[in-house]
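Participant: For reference, the file coords-v2.tsv (TSV, C-alpha atoms) is included below:
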```tsv
chain	number	residue	atom	x	y	z
A	1	MET	CA	-149.02	77.28	220.03
A	2	ALA	CA	-148.33	80.55	218.22
A	3	ILE	CA	-145.03	81.12	216.48
A	4	ARG	CA	-143.18	84.36	217.19
A	5	VAL	CA	-141.78	85.32	213.81
A	6	PRO	CA	-139.02	87.73	215.05
A	7	SER	CA	-137.67	85.12	217.47
A	8	LEU	CA	-137.83	82.37	214.85
A	9	ALA	CA	-136.08	84.58	212.30
A	10	LYS	CA	-133.33	85.47	214.80
A	11	GLN	CA	-132.69	81.81	215.61
A	12	MET	CA	-132.44	81.02	211.88
A	13	LEU	CA	-130.16	83.98	211.23
A	14	ASP	CA	-127.81	83.10	214.10
A	15	ALA	CA	-127.56	79.45	213.02
A	16	SER	CA	-126.91	80.27	209.35
A	17	ARG	CA	-124.43	83.06	210.14
A	18	ALA	CA	-122.31	80.68	212.24
A	19	VAL	CA	-122.10	78.19	209.36
A	20	LEU	CA	-121.26	80.85	206.76
A	21	GLU	CA	-118.59	82.42	208.98
A	22	ASP	CA	-117.12	78.97	209.50
A	23	SER	CA	-116.98	78.23	205.73
A	24	TRP	CA	-115.58	81.52	204.45
A	25	PRO	CA	-111.93	81.24	205.69
A	26	GLU	CA	-111.57	77.82	204.03
A	27	ILE	CA	-112.88	79.13	200.69
A	28	LYS	CA	-110.73	82.27	200.92
A	29	ASP	CA	-107.53	80.30	201.65
A	30	TYR	CA	-108.18	77.96	198.74
A	31	ALA	CA	-108.86	80.85	196.33
A	32	LYS	CA	-105.77	82.75	197.47
A	33	ALA	CA	-103.43	79.75	197.02
A	34	GLU	CA	-104.82	78.86	193.60
A	35	PHE	CA	-104.71	82.39	192.17
A	36	LYS	CA	-101.08	82.63	193.28
A	37	LYS	CA	-100.31	79.49	191.25
A	38	THR	CA	-102.08	80.94	188.20
A	39	ALA	CA	-100.17	84.21	188.53
A	40	GLU	CA	-96.87	82.29	188.66
A	41	SER	CA	-97.74	80.30	185.56
A	42	ILE	CA	-98.74	83.43	183.61
A	43	ALA	CA	-95.48	85.10	184.67
A	44	MET	CA	-93.57	82.06	183.37
A	45	ILE	CA	-95.38	82.24	180.00
A	46	VAL	CA	-94.53	85.94	179.69
A	47	ARG	CA	-90.86	85.24	180.56
A	48	LEU	CA	-90.61	82.42	178.02
A	49	HIS	CA	-92.16	84.59	175.31
A	50	ALA	CA	-89.88	87.52	176.15
A	51	ALA	CA	-86.86	85.19	175.95
A	52	GLY	CA	-87.94	84.05	172.49
A	53	LYS	CA	-88.67	80.51	173.73
A	54	LEU	CA	-92.38	80.72	173.00
A	55	THR	CA	-94.02	81.90	169.78
A	56	LYS	CA	-97.13	84.09	169.88
A	57	LYS	CA	-99.27	81.16	168.80
A	58	LYS	CA	-97.91	78.92	171.55
A	59	ALA	CA	-98.19	81.70	174.15
A	60	ARG	CA	-101.88	82.08	173.28
A	61	LEU	CA	-102.47	78.34	173.67
A	62	HIS	CA	-100.61	78.36	176.98
A	63	LEU	CA	-102.74	81.24	178.21
A	64	GLU	CA	-105.93	79.49	177.12
A	65	ILE	CA	-104.89	76.48	179.22
A	66	GLN	CA	-104.29	78.70	182.24
A	67	LYS	CA	-107.66	80.41	181.74
A	68	ASN	CA	-109.49	77.08	181.64
A	69	ALA	CA	-107.62	75.87	184.73
A	70	SER	CA	-108.62	79.08	186.54
A	71	ARG	CA	-112.23	78.52	185.50
A	72	THR	CA	-112.17	75.07	187.13
A	73	VAL	CA	-110.91	76.76	190.32
A	74	LEU	CA	-113.66	79.40	190.15
A	75	LEU	CA	-116.25	76.66	189.69
A	76	THR	CA	-114.93	74.90	192.80
A	77	ILE	CA	-115.23	78.18	194.72
A	78	GLU	CA	-118.79	78.54	193.42
A	79	GLY	CA	-119.58	74.96	194.47
A	80	MET	CA	-118.06	75.42	197.92
A	81	GLY	CA	-120.13	78.60	198.30
A	82	ILE	CA	-123.33	76.79	197.33
A	83	ILE	CA	-122.54	73.98	199.77
A	84	ALA	CA	-121.96	76.61	202.49
A	85	VAL	CA	-125.35	78.19	201.67
A	86	GLU	CA	-126.95	74.75	201.73
A	87	ARG	CA	-125.43	74.05	205.15
A	88	ALA	CA	-126.56	77.48	206.36
A	89	ILE	CA	-130.17	76.87	205.24
A	90	ASN	CA	-130.16	73.44	206.88
A	91	ALA	CA	-128.70	74.91	210.07
A	92	ALA	CA	-131.38	77.63	210.02
A	93	LEU	CA	-134.16	75.06	209.59
A	94	GLY	CA	-132.55	72.85	212.23
A	95	ALA	CA	-132.47	75.73	214.71
A	96	VAL	CA	-136.24	76.17	214.58
A	97	ARG	CA	-137.21	72.53	213.97
A	98	ASP	CA	-138.52	71.84	217.49
A	99	THR	CA	-140.38	75.16	217.74
A	100	VAL	CA	-142.12	74.70	214.39
A	101	ASN	CA	-142.87	71.01	214.88
A	102	THR	CA	-144.34	71.68	218.33
A	103	ALA	CA	-146.45	74.54	216.95
A	104	VAL	CA	-147.95	72.52	214.11
A	105	GLY	CA	-148.29	69.34	216.16
A	106	PHE	CA	-146.52	67.06	213.69
A	107	ARG	CA	-143.06	66.63	212.20
A	108	LEU	CA	-143.07	69.30	209.51
A	109	ILE	CA	-139.31	69.98	209.42
B	1	MET	CA	-168.45	96.42	208.16
B	2	ARG	CA	-165.71	97.75	205.93
B	3	HIS	CA	-163.31	97.41	208.86
B	4	SER	CA	-164.33	93.76	209.38
B	5	GLY	CA	-163.82	93.02	205.68
B	6	ARG	CA	-160.29	94.40	205.86
B	7	ASP	CA	-159.59	92.15	208.87
B	8	THR	CA	-160.91	89.14	207.02
B	9	GLY	CA	-158.70	89.97	204.06
B	10	LYS	CA	-155.69	90.30	206.34
B	11	ALA	CA	-156.45	86.99	208.03
B	12	LEU	CA	-156.84	85.29	204.67
B	13	ARG	CA	-153.54	86.71	203.43
B	14	ARG	CA	-151.83	85.57	206.63
B	15	ALA	CA	-153.34	82.09	206.32
B	16	LEU	CA	-152.20	81.94	202.73
B	17	GLN	CA	-148.66	83.01	203.72
B	18	LEU	CA	-148.52	80.35	206.45
B	19	THR	CA	-149.78	77.72	204.02
B	20	VAL	CA	-147.09	78.66	201.51
B	21	LEU	CA	-144.45	78.57	204.28
B	22	ALA	CA	-145.67	75.19	205.50
B	23	ALA	CA	-145.79	73.77	201.99
B	24	THR	CA	-142.28	75.05	201.32
B	25	LEU	CA	-140.90	73.57	204.52
B	26	ALA	CA	-142.69	70.28	203.91
B	27	GLY	CA	-141.31	70.23	200.37
B	28	LEU	CA	-137.84	70.83	201.69
B	29	GLY	CA	-138.03	67.84	204.01
B	30	CYS	CA	-135.45	67.55	206.76
B	31	GLN	CA	-132.41	68.53	204.69
B	32	ILE	CA	-132.10	70.43	201.45
B	33	LYS	CA	-129.49	69.53	198.81
B	34	LEU	CA	-128.25	72.14	196.34
B	35	VAL	CA	-125.20	70.20	195.11
B	36	ALA	CA	-124.77	66.48	194.33
B	37	ASP	CA	-123.44	64.07	196.93
B	38	TYR	CA	-119.82	62.92	197.06
B	39	ASP	CA	-119.00	60.20	194.53
B	40	GLU	CA	-116.11	57.89	195.36
B	41	ILE	CA	-115.80	56.61	191.78
B	42	THR	CA	-115.41	60.15	190.41
B	43	ASP	CA	-112.82	60.80	193.13
B	44	ARG	CA	-110.82	57.67	192.21
B	45	SER	CA	-111.15	58.20	188.45
B	46	ILE	CA	-109.91	61.79	188.63
B	47	THR	CA	-106.99	60.70	190.82
B	48	ALA	CA	-106.10	57.99	188.29
B	49	LEU	CA	-106.35	60.49	185.42
B	50	GLN	CA	-104.10	62.92	187.26
B	51	ARG	CA	-101.51	60.15	187.59
B	52	GLU	CA	-101.63	59.56	183.83
B	53	PHE	CA	-100.95	63.24	183.18
B	54	GLU	CA	-98.06	63.24	185.67
B	55	LEU	CA	-96.52	60.25	183.88
B	56	PHE	CA	-97.08	61.98	180.53
B	57	PHE	CA	-95.22	65.12	181.63
B	58	ILE	CA	-92.36	63.08	183.13
B	59	ASP	CA	-92.07	61.07	179.92
B	60	VAL	CA	-92.18	64.09	177.60
B	61	GLU	CA	-89.60	65.92	179.71
B	62	ARG	CA	-87.27	62.92	179.63
B	63	ASN	CA	-87.60	62.67	175.85
B	64	LEU	CA	-87.29	66.40	175.09
B	65	HIS	CA	-85.04	67.24	172.12
B	66	THR	CA	-85.25	63.64	170.91
B	67	PRO	CA	-87.52	62.18	168.21
B	68	ASP	CA	-89.35	60.25	170.95
B	69	ALA	CA	-90.99	63.47	172.22
B	70	VAL	CA	-92.98	64.11	169.04
B	71	HIS	CA	-96.76	64.19	169.10
B	72	ASP	CA	-97.15	61.08	166.94
B	73	ASN	CA	-95.69	58.97	169.75
B	74	TYR	CA	-98.35	60.19	172.17
B	75	ILE	CA	-101.52	59.77	170.13
B	76	GLY	CA	-102.41	56.77	172.31
B	77	PHE	CA	-102.16	58.93	175.43
B	78	TYR	CA	-104.51	61.57	174.00
B	79	ASP	CA	-107.02	58.94	172.87
B	80	GLU	CA	-106.94	57.25	176.25
B	81	VAL	CA	-107.39	60.38	178.37
B	82	ARG	CA	-110.22	61.62	176.12
B	83	ALA	CA	-112.01	58.28	176.51
B	84	GLU	CA	-111.52	58.33	180.29
B	85	LEU	CA	-112.74	61.91	180.57
B	86	SER	CA	-115.80	61.02	178.53
B	87	VAL	CA	-116.62	58.08	180.84
B	88	ILE	CA	-116.21	60.25	183.96
B	89	ARG	CA	-118.35	62.99	182.37
B	90	VAL	CA	-121.21	60.60	181.53
B	91	ARG	CA	-121.24	59.38	185.13
B	92	ALA	CA	-121.08	62.93	186.50
B	93	ALA	CA	-123.87	64.14	184.20
B	94	ALA	CA	-126.13	61.30	185.34
B	95	ARG	CA	-126.00	62.56	188.93
B	96	PRO	CA	-128.56	65.25	189.85
B	97	LYS	CA	-127.29	68.74	190.77
B	98	ASN	CA	-123.81	67.94	189.49
B	99	GLU	CA	-123.58	70.59	186.74
B	100	ILE	CA	-120.49	72.25	188.23
B	101	THR	CA	-118.43	69.06	188.07
B	102	VAL	CA	-119.63	68.42	184.51
B	103	GLU	CA	-118.54	71.92	183.49
B	104	GLN	CA	-115.14	71.37	185.11
B	105	LEU	CA	-114.67	68.13	183.16
B	106	ASP	CA	-115.55	69.97	179.92
B	107	LEU	CA	-112.83	72.53	180.69
B	108	VAL	CA	-110.28	69.75	181.23
B	109	ALA	CA	-111.34	68.22	177.90
B	110	GLN	CA	-110.81	71.61	176.20
B	111	ASN	CA	-107.37	71.76	177.77
B	112	VAL	CA	-106.52	68.31	176.41
B	113	ASP	CA	-107.27	69.73	172.93
B	114	ASN	CA	-105.08	72.78	173.66
B	115	LEU	CA	-102.27	70.59	175.01
B	116	GLU	CA	-102.37	68.37	171.93
B	117	GLU	CA	-102.23	71.41	169.66
B	118	LEU	CA	-99.16	72.64	171.54
B	119	HIS	CA	-97.61	69.17	171.34
B	120	LYS	CA	-98.09	69.14	167.56
B	121	LEU	CA	-96.16	72.42	167.42
B	122	GLY	CA	-93.46	70.79	169.55
B	123	PHE	CA	-92.23	71.34	173.08
B	124	ASP	CA	-88.95	73.24	173.17
B	125	SER	CA	-87.87	73.34	176.81
B	126	PRO	CA	-88.59	71.87	180.26
B	127	GLU	CA	-89.66	75.37	181.37
B	128	GLU	CA	-92.44	75.26	178.80
B	129	LEU	CA	-93.83	72.13	180.43
B	130	GLU	CA	-93.98	73.68	183.92
B	131	PRO	CA	-97.08	75.88	183.50
B	132	LEU	CA	-98.81	73.08	181.61
B	133	ARG	CA	-98.19	70.56	184.37
B	134	ALA	CA	-99.31	73.15	186.96
B	135	ALA	CA	-102.53	73.90	185.04
B	136	PHE	CA	-103.57	70.25	184.83
B	137	GLN	CA	-102.68	69.67	188.48
B	138	GLN	CA	-104.73	72.73	189.39
B	139	SER	CA	-107.76	71.54	187.42
B	140	PHE	CA	-107.70	68.03	188.88
B	141	GLN	CA	-107.17	69.40	192.36
B	142	ALA	CA	-110.12	71.77	191.87
B	143	ILE	CA	-112.39	68.89	190.86
B	144	LEU	CA	-111.21	66.77	193.80
B	145	THR	CA	-111.54	69.66	196.27
B	146	LEU	CA	-115.17	70.14	195.25
B	147	GLU	CA	-115.82	66.41	195.34
B	148	LEU	CA	-114.47	66.21	198.89
B	149	ALA	CA	-116.50	69.29	199.91
B	150	LYS	CA	-119.59	67.35	198.78
B	151	LYS	CA	-118.95	64.90	201.63
B	152	ARG	CA	-120.36	67.56	204.00
B	153	GLY	CA	-118.78	65.93	207.04
B	154	GLN	CA	-120.14	62.45	206.18
```
Could you show the structure in this file as structure tokens?

Facilitator:
Amino acid sequence: MAIRVPSLAKQMLDASRAVLEDSWPEIKDYAKAEFKKTAESIAMIVRLHAAGKLTKKKARLHLEIQKNASRTVLLTIEGMGIIAVERAINAALGAVRDTVNTAVGFRLI
Amino acid sequence: MRHSGRDTGKALRRALQLTVLAATLAGLGCQIKLVADYDEITDRSITALQREFELFFIDVERNLHTPDAVHDNYIGFYDEVRAELSVIRVRAAARPKNEITVEQLDLVAQNVDNLEELHKLGFDSPEELEPLRAAFQQSFQAILTLELAKKRGQ
């Protein structure tokens, strides 16, 4: 049985697109909420410094802590993105599993 | 003859492409994994560590402006959380495709150093503790959020 590449590609694209579209809102909401928290913390550091309650040295350390916390958030976003891609690839392969397996005559995928 | 040679070349290239595709798919198996699986022990350990930090911030806030709040009284806390982080990191690093979580744990460890340096300088107000508490909560939540995402609907 011959494989029709355009049809196979379309099936894969449709399956992966659905997964990616499903994942994006969750990632976006998480990122939005976390960056709001970081912005609030930075604003608090600036206020404390302006009020003379935080020395320059302490303000720098505070900011470093916020930067590292933001990096952990960015890494989670990166990880969630990779997991979404992984799910999309698996969905794409899953969408054409039967067609490919039938064509080759054994369980390839 | 030249025409036939071109066709043969095309057919060979196509066969080669299909072989590469088949080998790739076979190598992939049924499911591909780009990120490590969920680990319940990491989940529980991070949750326990977060609790220790919450207790630390409550305790420091209660003792503010008293001699009890000084860094020397919390050396045990810093030693303990560093040891716990190190144990969690070793476990995380032993799991394949878990580099992101390892990097996150390294960032928390750096922040423990920064927090201790601030503590040595002295905490002056409850407001100063707020962004610190928020930052540690944010980091632990980020690690847990990724860990839960690794469940992939399991």

Participant: What are the residues of chain A that have an atom within 9 Å of an atom of chain B, counting only C-alpha atoms, as number ranges by chain?

Facilitator: A: 34, 37-38, 40-42, 44-45, 48, 53-54, 57-58, 61-62, 64-80, 82-83, 85-87, 89-90, 93-94, 97, 108-109

Participant: Pick out the closest residue to Arg17 of chain A from this set: A:Ala91, A:Phe35, A:Lys56, A:Asp29. Count only C-alpha atoms.

Facilitator: A:Ala91

Participant: Any idea what the distance is between atom CA of His65 of chain B and atom CA of Lys120 of chain B?

Facilitator: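 So the two atoms, atom CA of His65 of chain B and atom CA of Lys120 of chain B, lie 14.0 Å apart.
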
Participant: Is it possible to get the axis-aligned box enclosing segment 89-96 of chain A (all listed atoms, 5 Å extra per side) as lines of an AutoDock Vina configuration file, with centre and edge lengths in Å rounded to one decimal?

Facilitator:
```
center_x = -132.5
center_y = 75.2
center_z = 210.0
size_x = 17.5
size_y = 14.8
size_z = 19.5
```

Participant: May I ask for the distance between atom CA of Thr55 of chain A and atom CA of Leu55 of chain B, given in Å to one decimal place?

Facilitator: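 If I compute the distance from atom CA of Thr55 of chain A to atom CA of Leu55 of chain B, I get 26.0 Å.
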
Participant: At a cut-off of 9 Å, using only C-alpha atoms, what residues contact Pro126 of chain B? Leave out same-chain residues fewer than 5 positions from it and give the result as an MDAnalysis selection string.

Facilitator: chainID B and resid 60:61 64

Participant: Please report the interatomic distance between atom CA of Ala103 of chain A and atom CA of Ser7 of chain A in Å with one decimal.

Facilitator: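 These two atoms are separated by 13.8 Å.
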
Participant: Given all atoms listed in the file as the basis, pick out the residue of A:Val5, A:Ser16, A:Ala50, A:Ala43 nearest to Leu63 of chain A.

Facilitator: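 When distances to Leu63 of chain A are compared using all atoms listed in the file, the smallest one comes from A:Ala43.
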
Participant: Determine, counting all atoms listed in the file, which protein, DNA and RNA residues have an atom within 12 Å of an atom of Ile3 of chain A; residues of the same chain fewer than 3 positions away are not included. Present the result as JSON, numbers by chain.

Facilitator: {"A": [6, 7, 8, 9, 96, 97, 98, 99, 100, 101, 102, 103, 104], "B": [18]}

Participant: For segment 123-140 of chain B of the block above, can you save N, CA and C atoms as an mmCIF file, in the first residue's frame?

Facilitator:
```
data_model
loop_
_atom_site.group_PDB
_atom_site.id
_atom_site.type_symbol
_atom_site.label_atom_id
_atom_site.label_comp_id
_atom_site.auth_asym_id
_atom_site.auth_seq_id
_atom_site.Cartn_x
_atom_site.Cartn_y
_atom_site.Cartn_z
ATOM 1 N N PHE B 123 17.565 41.791 59.039
ATOM 2 C CA PHE B 123 16.257 42.171 58.493
ATOM 3 C C PHE B 123 15.694 43.308 59.342
ATOM 4 N N ASP B 124 15.214 44.367 58.661
ATOM 5 C CA ASP B 124 14.786 45.553 59.391
ATOM 6 C C ASP B 124 13.278 45.714 59.539
ATOM 7 N N SER B 125 12.504 45.082 58.641
ATOM 8 C CA SER B 125 11.057 45.300 58.717
ATOM 9 C C SER B 125 10.309 44.099 58.144
ATOM 10 N N PRO B 126 9.028 43.942 58.540
ATOM 11 C CA PRO B 126 8.238 42.841 57.961
ATOM 12 C C PRO B 126 8.065 43.015 56.450
ATOM 13 N N GLU B 127 8.026 44.291 56.006
ATOM 14 C CA GLU B 127 7.863 44.541 54.547
ATOM 15 C C GLU B 127 9.038 43.968 53.765
ATOM 16 N N GLU B 128 10.217 43.993 54.400
ATOM 17 C CA GLU B 128 11.402 43.478 53.714
ATOM 18 C C GLU B 128 11.288 41.964 53.492
ATOM 19 N N LEU B 129 10.559 41.302 54.376
ATOM 20 C CA LEU B 129 10.438 39.846 54.252
ATOM 21 C C LEU B 129 9.447 39.439 53.148
ATOM 22 N N GLU B 130 8.516 40.334 52.846
ATOM 23 C CA GLU B 130 7.452 39.990 51.874
ATOM 24 C C GLU B 130 7.968 39.531 50.512
ATOM 25 N N PRO B 131 8.827 40.356 49.849
ATOM 26 C CA PRO B 131 9.306 39.898 48.530
ATOM 27 C C PRO B 131 10.175 38.641 48.605
ATOM 28 N N LEU B 132 10.813 38.450 49.752
ATOM 29 C CA LEU B 132 11.654 37.249 49.903
ATOM 30 C C LEU B 132 10.770 36.007 49.991
ATOM 31 N N ARG B 133 9.757 36.107 50.833
ATOM 32 C CA ARG B 133 8.816 34.985 50.973
ATOM 33 C C ARG B 133 8.170 34.683 49.603
ATOM 34 N N ALA B 134 7.762 35.749 48.908
ATOM 35 C CA ALA B 134 7.107 35.583 47.594
ATOM 36 C C ALA B 134 8.046 34.905 46.596
ATOM 37 N N ALA B 135 9.325 35.294 46.622
ATOM 38 C CA ALA B 135 10.287 34.722 45.668
ATOM 39 C C ALA B 135 10.485 33.228 45.903
ATOM 40 N N PHE B 136 10.609 32.835 47.172
ATOM 41 C CA PHE B 136 10.794 31.404 47.445
ATOM 42 C C PHE B 136 9.530 30.612 47.127
ATOM 43 N N GLN B 137 8.376 31.194 47.455
ATOM 44 C CA GLN B 137 7.112 30.525 47.097
ATOM 45 C C GLN B 137 7.037 30.329 45.584
ATOM 46 N N GLN B 138 7.416 31.394 44.861
ATOM 47 C CA GLN B 138 7.347 31.357 43.398
ATOM 48 C C GLN B 138 8.258 30.261 42.826
ATOM 49 N N SER B 139 9.464 30.180 43.382
ATOM 50 C CA SER B 139 10.410 29.168 42.885
ATOM 51 C C SER B 139 9.903 27.756 43.151
ATOM 52 N N PHE B 140 9.428 27.520 44.386
ATOM 53 C CA PHE B 140 8.943 26.170 44.702
ATOM 54 C C PHE B 140 7.710 25.830 43.862
#
```
